[in-house]
Every structure is written in structure tokens, then in C-alpha cells.
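Scroll down for the structure; my scribbles are underneath it.
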Amino acid sequence: MRDPLSILFYLKYGCPVKDGRLPLMCRITINGESTSFSCKRHLPPERWDSRRGRMAGDEEEDRLVNLELDRLREQLRADYEAILREYGSIKPKWLKDYTLGSPERHEMLLYMFNKHNEDFRKMIGYGRSLKSYQRYDIVYRHLRTFIRQRYSLEDVRVSYITIHMINAFEQYLRVSVGLKNNTVWMYMITFKHIVALARAAGLIRSDPFATYKNRFQQVERGYLTEEELQRILQYRPAEGTEALVRDLFLFSAFTGLSYTDLKALTWDNVRSLFDGQTWVMTRRRKTGTPSNILLLDIPKQIMERHGDSAAAHIFRVPSNNCCNDYLVAMGQKCGIATRITFHIARHTFATLSLSKGVPIETLSSVLGHTNIRTTQIYAKITNKKISEDMTALADKIRNLNDYL
């Protein structure tokens with residue numbers, strides 16, 4: 001069987017130095033594709049055996065050159081097997097760069113990824129969000145650890161990215177890091193974006209993600225029933241942070257604002273319009289889409305109780321982790337089986353609105369969704385709730401069957 005790797009040492013005629021010596025070159029051929037490089041030596045052509053690709057003399061220089069060539073050949077073959085084993089495919093240029101080292105920095109994956117992140121960070125507040133930057137930074141750090149553990153390298157060339165490496169990175173995120181499917185899906189999209197930038201820069205000819213497949217899995221959105229929401233309303237927390245967190249959660253449950261949007265809410269976002277009603281008019285931090293929300297009595301009372309009129313932002317909102325810790329404990333005290341987090345409030349607002357007859361088109365606009373299909377997820381949940389309620393009703397009137 002023909003060896004897919006061919007290594008040829010030869011002298012480059014037409015480029016002699018002053019003493020008549022010629023440059024020593026090496027040509028690597030893999031499955032018909034070749035690349036060449038200089039061995040950084042000049043040799044006398046009269047002592048070179050072109051058929052064997054070796055020095056033919058008995059001088060000390062000849063023996064040293066042949067020893068170097070044997071070592072380089074062995075190193076190329078060892079690197080060939082290593083690259084093929086780890087990446088699943090190989091090109092002559094990869095093997096040359098891997099063995100010789102010293103590639104251009106801008107062609108290195110982690111260097112390019114980090115440069116992208118630095119440029120992205122400078123644009124935060126100018127069309128770029130902190131949350132997106134944090135996601136890029138997390139994926140960068142995971143990829144850096146993966147490359148160190150998997151390949152024992154500090155960085156790899158962008159052109160080395162193959163579907164085998166992509167699948168190995170996904171496996172690392174799932175198994176070693178322990179991430180769930182949708183988080184892996186989001187991180188792989190982030191990685192794919194970096195690879196797309198490399199393709200746009202001409203560093204990759206074909207798309208290594210072309211055959212990659214991973215799907216977002218729809219998860220059922222948690223929410224509180226009207227009765228469970230009533231328990232939160234009736235709960236009397238201790239003064240201080242617990243009382244603030246409860247009221248902020250209720251504010252979100254009656255406005256649909258996410259944690260990020262609530263934290264960014266300013267007095268300029270609160271306006272009285274032609275209808276005499278008070279509205280919150282803002283743009284979602286996540287998508288930039290407008291969101292106009294009528295302030296109901298409960299949110300108004302919460303603003304009067306906790307709003308800081310001397311500050312630009314209405315509320316002094318604790319960290320998301322702090323809020324969630326208080327909410328989990330609060331749910332347990334109220335006997336609510338659902339694990340309450342701050343985002344449950346937004347889902348509760350959506351399902352409560354639909355169950356009270358708010359048209360899905362109106363709700364989609366209020367929530368600031370860019371696509372009504374996102375809002376339809378809550379419609380499915382509401383249908384489930386209707387089914388549960390009708391089943392409960394059937395159980396209550398089952399005794400009427402005796403009259404048939």
C-alpha cells in the first residue's frame with residue numbers, strides 16, 4: 001500500500017552561494033498535495049546523492065548532515081501521526097508548521113479569539129453588551145483549557161480547526177465541564193462565529209462547521225400560577241434585602257421586565273401619555289427592541305416604596321445571585337414547589353397575561369420579543385394550564401354522572 005506521506009530532501013539548483021554550495025530543501029507530500037521549506041543548510045552538490053536524498057561522502061560534515069536528516073524525517077513522521085490522531089485529517093502545510101513552529105501570531109486561534117474579545121470589550125455600550133462580551137470571554141477560556149489539556153499546546157493555528165476538533169471541544173464542554181445541552185449549543189455558536197471571522201480573513205478556505213450538527217432543545221418555561229403568585233403577595237418578609245427582593249420580583253411579575261432591564265430602569269423611562277396612564281417605555285438590553293408597559297397599581301406602589309428619586313436608576317437592585325438565593329428560600333417558606341428564580345417573574349407575567357385574555361400579538365410587543373414564535377412558547381404553557389384546570393373541573397363534577 002502506498003504511503004500517503006512522502007518526505008524528499010533535495011538541493012535547490014539555480015541558487016548557489018559564493019563557494020558553489022546549494023540550499024538544502026525538504027518537500028512534504030501528503031496524498032498528492034505538497035509544500036516545501038528550507039533546511040537552513042547549504043551543501044556541496046558534488047557530494048550529494050539525489051537518488052537517496054543524502055550525503056554520499058565520508059567526511060564529518062556528511063555524517064552530521066545525514067544524522068540531521070534522519071532526525072528531521074523521524075520528527076516529521078512522528079508529528080504526522082500525532083496530528084492525524086488528534087485532528088483526524090492533515091495537510092502538508094500543517095505538518096510543516098507543526099514541526100518547524102513559529103507561525104504568524106494573527107493565524108493562531110487563541111490569539112485571534114482574544115484580540116476579538118479585546119475589540120468587543122471596547123464597544124460595550126456602543127452597540128455591544130457586557131453580557132455578550134462575558135459569553136465570548138467564557139468560551140475563550142474554555143477553549144484555552146481544552147487546547148492545553150487535549151493537545152499540550154498553548155495555541156493552535158486557525159487552519160488546524162477540523163470537524164474532529166470541533167466535536168472534541170463539544171464533548172469537552174459536555175463531559176469535562178458538565179454543561180447542559182442549550183449552554184453547549186450557545187457556546188458552540190460563539191465558537192462558530194470566531195471561525196467565520198477567520199474564514200472572512202482568508203485564514204480558512206472551507207468551513208469546518210459545515211457538517212457540524214447540534215440543536216437547541218426547547219425547555220418548558222417555569223412560572224407561578226395565580227394562586228402561587230398570591231402567596232408571594234401575602235408573604236410578609238423581614239425588612240431589608242428580603243423585602244426588597246420580594247417587591248422587585250413582584251414588579252417584574254406585573255411588568256414582564258427581566259432582571260437586566262429592571263436593573264437598568266431609569267426615571268426617564270417612566271412617562272405619562274395622552275391616555276393619562278403611566279407607562280414604562282424602554283428598550284430591551286438583550287435585543288434592543290422597544291418595550292412599552294402600562295404600570296399597574298402593584299408596580300406603582302413598589303416604585304413609591306423603593307424608588308430612589310435622587311438617583312438616575314429607580315431601584316437599587318442586588319446581584320442576580322443574591323436575589324435568587326432569597327427567592328428560593330421565599331418559595332420554600334410559601335410552600336411553592338417551583339424553584340423560584342428572578343426570571344420566573346417574567347414567565348409568570350406572560351402566562352398570566354395570556355390566561356386573562358391579552359392577545360399574543362400585544363404580549364409579544366410588551367415583552368419586546370423580536371419574533372412572535374418566542375411568545376408562542378407561553379401559549380403552549382397556558383394551554384397546558386387550561387388542560388390541568390379542566391381536568392380538575394371534571395374531577396369536581398364527576399358525581400353528576402349519577403344523574404345520567
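Chain labels A, B, ... are given in the sequence in which chains occur in the C-alpha cells; within each chain residues are numbered consecutively from 1, and ligands are likewise numbered from 1 in the order shown.
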
Do you know which residues are at most 7 Å from segment 168-183 of chain A counting only C-alpha atoms, after dropping those on the same chain fewer than 5 positions away, and could you put them as a PyMOL selection string? chain A and resi 146+216-217

Dump as a CSV table (one decimal), in the first residue's frame, selection limited to N, CA and C atoms:
```csv
chain,number,residue,atom,x,y,z
A,146,PHE,N,-9.1,23.6,27.0
A,146,PHE,CA,-9.3,22.4,26.1
A,146,PHE,C,-8.0,22.2,25.3
A,216,PHE,N,-30.8,23.2,19.5
A,216,PHE,CA,-31.4,23.8,20.8
A,216,PHE,C,-32.6,23.0,21.2
A,217,GLN,N,-32.6,22.6,22.4
A,217,GLN,CA,-33.7,21.8,23.0
A,217,GLN,C,-34.7,22.7,23.7
```

Test item: residues at most 12 Å from Tyr111 of chain A, only C-alpha atoms, excluding those fewer than 6 positions along its chain, as a ChimeraX atom specification: /A:103-105,117-118,140-141,143-144,154-158,194,198

Would you write out those residues with N, CA and C atoms, as a PDB file, in the first residue's frame?
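Below you can see selection16.pdb, which holds the result:
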```pdb
ATOM      1  N   PRO A 103       4.661  30.099  13.624  1.00  0.00           N
ATOM      2  CA  PRO A 103       3.671  30.661  12.705  1.00  0.00           C
ATOM      3  C   PRO A 103       3.400  32.124  13.043  1.00  0.00           C
ATOM      4  N   GLU A 104       2.753  32.836  12.126  1.00  0.00           N
ATOM      5  CA  GLU A 104       2.360  34.216  12.391  1.00  0.00           C
ATOM      6  C   GLU A 104       1.309  34.243  13.502  1.00  0.00           C
ATOM      7  N   ARG A 105       1.420  35.216  14.406  1.00  0.00           N
ATOM      8  CA  ARG A 105       0.528  35.257  15.566  1.00  0.00           C
ATOM      9  C   ARG A 105      -0.926  35.429  15.146  1.00  0.00           C
ATOM     10  N   ASN A 117     -12.032  39.571  21.407  1.00  0.00           N
ATOM     11  CA  ASN A 117     -12.660  39.910  22.680  1.00  0.00           C
ATOM     12  C   ASN A 117     -12.227  41.286  23.174  1.00  0.00           C
ATOM     13  N   GLU A 118     -10.968  41.622  22.996  1.00  0.00           N
ATOM     14  CA  GLU A 118     -10.489  42.939  23.413  1.00  0.00           C
ATOM     15  C   GLU A 118     -11.186  44.044  22.626  1.00  0.00           C
ATOM     16  N   TYR A 140     -13.770  31.580  25.295  1.00  0.00           N
ATOM     17  CA  TYR A 140     -12.320  31.678  25.074  1.00  0.00           C
ATOM     18  C   TYR A 140     -11.554  30.899  26.150  1.00  0.00           C
ATOM     19  N   ARG A 141     -11.940  31.086  27.406  1.00  0.00           N
ATOM     20  CA  ARG A 141     -11.230  30.420  28.497  1.00  0.00           C
ATOM     21  C   ARG A 141     -11.441  28.906  28.456  1.00  0.00           C
ATOM     22  N   LEU A 143     -11.961  27.167  25.711  1.00  0.00           N
ATOM     23  CA  LEU A 143     -11.197  26.696  24.558  1.00  0.00           C
ATOM     24  C   LEU A 143      -9.706  26.647  24.874  1.00  0.00           C
ATOM     25  N   ARG A 144      -9.218  27.634  25.613  1.00  0.00           N
ATOM     26  CA  ARG A 144      -7.801  27.653  26.000  1.00  0.00           C
ATOM     27  C   ARG A 144      -7.457  26.444  26.865  1.00  0.00           C
ATOM     28  N   GLU A 154      -0.061  25.662  23.752  1.00  0.00           N
ATOM     29  CA  GLU A 154      -0.577  26.935  24.234  1.00  0.00           C
ATOM     30  C   GLU A 154      -1.520  27.571  23.225  1.00  0.00           C
ATOM     31  N   ASP A 155      -1.415  27.148  21.971  1.00  0.00           N
ATOM     32  CA  ASP A 155      -2.283  27.692  20.930  1.00  0.00           C
ATOM     33  C   ASP A 155      -2.168  26.793  19.701  1.00  0.00           C
ATOM     34  N   VAL A 156      -3.120  26.894  18.783  1.00  0.00           N
ATOM     35  CA  VAL A 156      -3.060  26.145  17.533  1.00  0.00           C
ATOM     36  C   VAL A 156      -3.395  27.096  16.389  1.00  0.00           C
ATOM     37  N   ARG A 157      -2.924  26.756  15.207  1.00  0.00           N
ATOM     38  CA  ARG A 157      -3.244  27.570  14.043  1.00  0.00           C
ATOM     39  C   ARG A 157      -4.734  27.463  13.733  1.00  0.00           C
ATOM     40  N   VAL A 158      -5.303  28.557  13.271  1.00  0.00           N
ATOM     41  CA  VAL A 158      -6.720  28.568  12.902  1.00  0.00           C
ATOM     42  C   VAL A 158      -6.982  27.537  11.811  1.00  0.00           C
ATOM     43  N   ILE A 194     -16.345  32.902  15.671  1.00  0.00           N
ATOM     44  CA  ILE A 194     -14.913  33.184  15.596  1.00  0.00           C
ATOM     45  C   ILE A 194     -14.312  32.517  14.361  1.00  0.00           C
ATOM     46  N   ALA A 198     -12.415  34.033  10.918  1.00  0.00           N
ATOM     47  CA  ALA A 198     -11.164  33.532  10.350  1.00  0.00           C
ATOM     48  C   ALA A 198     -11.327  33.238   8.860  1.00  0.00           C
TER      49      ALA A 198
END
```

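Note that atom CA of Arg148 of chain A and atom CA of Ile163 of chain A are 18.4 Å apart.
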
Residues within 12 Å of Glu33 of chain A, only C-alpha atoms, excluding chain neighbours under 6 positions, as number ranges by chain: A: 4-7, 27, 90-95

Selection to disk with N, CA and C atoms, as a PDB file, in the first residue's frame:
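For reference, selection.pdb as written:
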```
ATOM      1  N   PRO A   4       0.881   7.466   2.308  1.00  0.00           N
ATOM      2  CA  PRO A   4       0.316   8.790   1.988  1.00  0.00           C
ATOM      3  C   PRO A   4       1.275   9.932   2.298  1.00  0.00           C
ATOM      4  N   LEU A   5       2.320   9.680   3.116  1.00  0.00           N
ATOM      5  CA  LEU A   5       3.301  10.710   3.447  1.00  0.00           C
ATOM      6  C   LEU A   5       4.614  10.437   2.730  1.00  0.00           C
ATOM      7  N   SER A   6       5.072  11.440   1.989  1.00  0.00           N
ATOM      8  CA  SER A   6       6.353  11.337   1.302  1.00  0.00           C
ATOM      9  C   SER A   6       7.233  12.504   1.745  1.00  0.00           C
ATOM     10  N   ILE A   7       8.496  12.196   2.115  1.00  0.00           N
ATOM     11  CA  ILE A   7       9.447  13.220   2.550  1.00  0.00           C
ATOM     12  C   ILE A   7      10.658  13.152   1.628  1.00  0.00           C
ATOM     13  N   ARG A  27      10.783  18.596   0.839  1.00  0.00           N
ATOM     14  CA  ARG A  27       9.425  18.640   0.283  1.00  0.00           C
ATOM     15  C   ARG A  27       8.578  17.575   0.971  1.00  0.00           C
ATOM     16  N   ILE A  90      -5.109  15.911   7.886  1.00  0.00           N
ATOM     17  CA  ILE A  90      -3.819  16.604   7.899  1.00  0.00           C
ATOM     18  C   ILE A  90      -3.500  17.133   6.510  1.00  0.00           C
ATOM     19  N   LYS A  91      -2.799  18.256   6.475  1.00  0.00           N
ATOM     20  CA  LYS A  91      -2.313  18.839   5.229  1.00  0.00           C
ATOM     21  C   LYS A  91      -0.811  19.081   5.370  1.00  0.00           C
ATOM     22  N   PRO A  92      -0.082  19.100   4.248  1.00  0.00           N
ATOM     23  CA  PRO A  92       1.370  19.284   4.323  1.00  0.00           C
ATOM     24  C   PRO A  92       1.784  20.562   5.055  1.00  0.00           C
ATOM     25  N   LYS A  93       1.060  21.646   4.826  1.00  0.00           N
ATOM     26  CA  LYS A  93       1.415  22.906   5.482  1.00  0.00           C
ATOM     27  C   LYS A  93       1.245  22.801   6.990  1.00  0.00           C
ATOM     28  N   TRP A  94       0.226  22.080   7.437  1.00  0.00           N
ATOM     29  CA  TRP A  94       0.038  21.885   8.886  1.00  0.00           C
ATOM     30  C   TRP A  94       1.260  21.180   9.483  1.00  0.00           C
ATOM     31  N   LEU A  95       1.684  20.104   8.790  1.00  0.00           N
ATOM     32  CA  LEU A  95       2.809  19.323   9.297  1.00  0.00           C
ATOM     33  C   LEU A  95       4.080  20.182   9.349  1.00  0.00           C
TER      34      LEU A  95
END
```

What are the closest atom pairs, with distances in Å to one decimal, for each residue of segment 35-63 of chain A lying within 10 Å of segment 69-83 of chain A, using only C-alpha atoms, rows by chain and rising residue number, as a Markdown table?
```
| residue | atom | partner | partner_atom | distance |
| --- | --- | --- | --- | --- |
| A:Cys39 | CA | A:Leu69 | CA | 9.1 |
| A:Gly53 | CA | A:Leu69 | CA | 9.1 |
| A:Arg54 | CA | A:Leu69 | CA | 7.8 |
| A:Met55 | CA | A:Leu69 | CA | 9.7 |
| A:Arg63 | CA | A:Leu69 | CA | 9.9 |
```

Do a neighbour search on segment 362-371 of chain A at 8 Å with only C-alpha atoms, toss out local chain neighbours closer than 5 positions, and write the hits as a PyMOL selection string. chain A and resi 256-257+283-284+287+289-293+350+353-354

Residue selection dump (N, CA and C atoms) as a short mmCIF file (atom, residue, chain, number, x, y, z; two decimals), in the first residue's frame:
```cif
data_model
loop_
_atom_site.label_atom_id
_atom_site.label_comp_id
_atom_site.auth_asym_id
_atom_site.auth_seq_id
_atom_site.Cartn_x
_atom_site.Cartn_y
_atom_site.Cartn_z
N GLY A 256 -43.30 42.28 33.40
CA GLY A 256 -42.61 41.45 32.42
C GLY A 256 -41.17 41.84 32.19
N LEU A 257 -40.65 42.78 32.96
CA LEU A 257 -39.26 43.20 32.79
C LEU A 257 -38.31 42.12 33.30
N ARG A 283 -36.14 50.02 26.08
CA ARG A 283 -35.68 49.06 25.07
C ARG A 283 -34.99 47.90 25.79
N ARG A 284 -35.25 46.71 25.31
CA ARG A 284 -34.65 45.55 25.95
C ARG A 284 -33.14 45.58 25.77
N THR A 287 -32.01 42.65 23.19
CA THR A 287 -32.27 42.70 21.76
C THR A 287 -32.34 44.11 21.20
N THR A 289 -34.97 45.90 21.19
CA THR A 289 -36.32 46.16 20.72
C THR A 289 -37.10 46.96 21.76
N PRO A 290 -38.02 47.85 21.30
CA PRO A 290 -38.80 48.66 22.25
C PRO A 290 -39.78 47.82 23.05
N SER A 291 -40.03 48.24 24.28
CA SER A 291 -40.98 47.56 25.17
C SER A 291 -41.74 48.63 25.95
N ASN A 292 -43.03 48.74 25.68
CA ASN A 292 -43.88 49.74 26.34
C ASN A 292 -44.89 49.03 27.24
N ILE A 293 -44.83 49.33 28.54
CA ILE A 293 -45.59 48.57 29.53
C ILE A 293 -46.43 49.52 30.38
N ALA A 350 -46.06 36.62 31.51
CA ALA A 350 -46.51 36.20 30.18
C ALA A 350 -47.69 35.24 30.26
N SER A 353 -50.85 36.97 31.66
CA SER A 353 -51.45 37.87 30.67
C SER A 353 -52.26 37.09 29.64
N LEU A 354 -51.70 35.99 29.14
CA LEU A 354 -52.41 35.19 28.15
C LEU A 354 -53.66 34.55 28.75
#
```

One decimal place gives the atom CA of Thr190 of chain A-atom CA of Leu153 of chain A separation as 21.8 Å

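Taking the backbone of this structure through DSSP, the residues of segment 137-322 of chain A that come out as strand (DSSP E) are A:Val270, A:Arg271, A:Ser272, A:Thr278, A:Trp279, A:Val280, A:Met281, A:Thr282, A:Arg283, A:Pro290, A:Ser291, A:Asn292, A:Ile293, A:Leu294.
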
Just list as an MDAnalysis selection string whatever in segment 217-404 of chain A DSSP marks as alpha helix (DSSP H). chainID A and resid 226:234 241:253 259:263 297:306 320:333 342:355 360:367 372:396
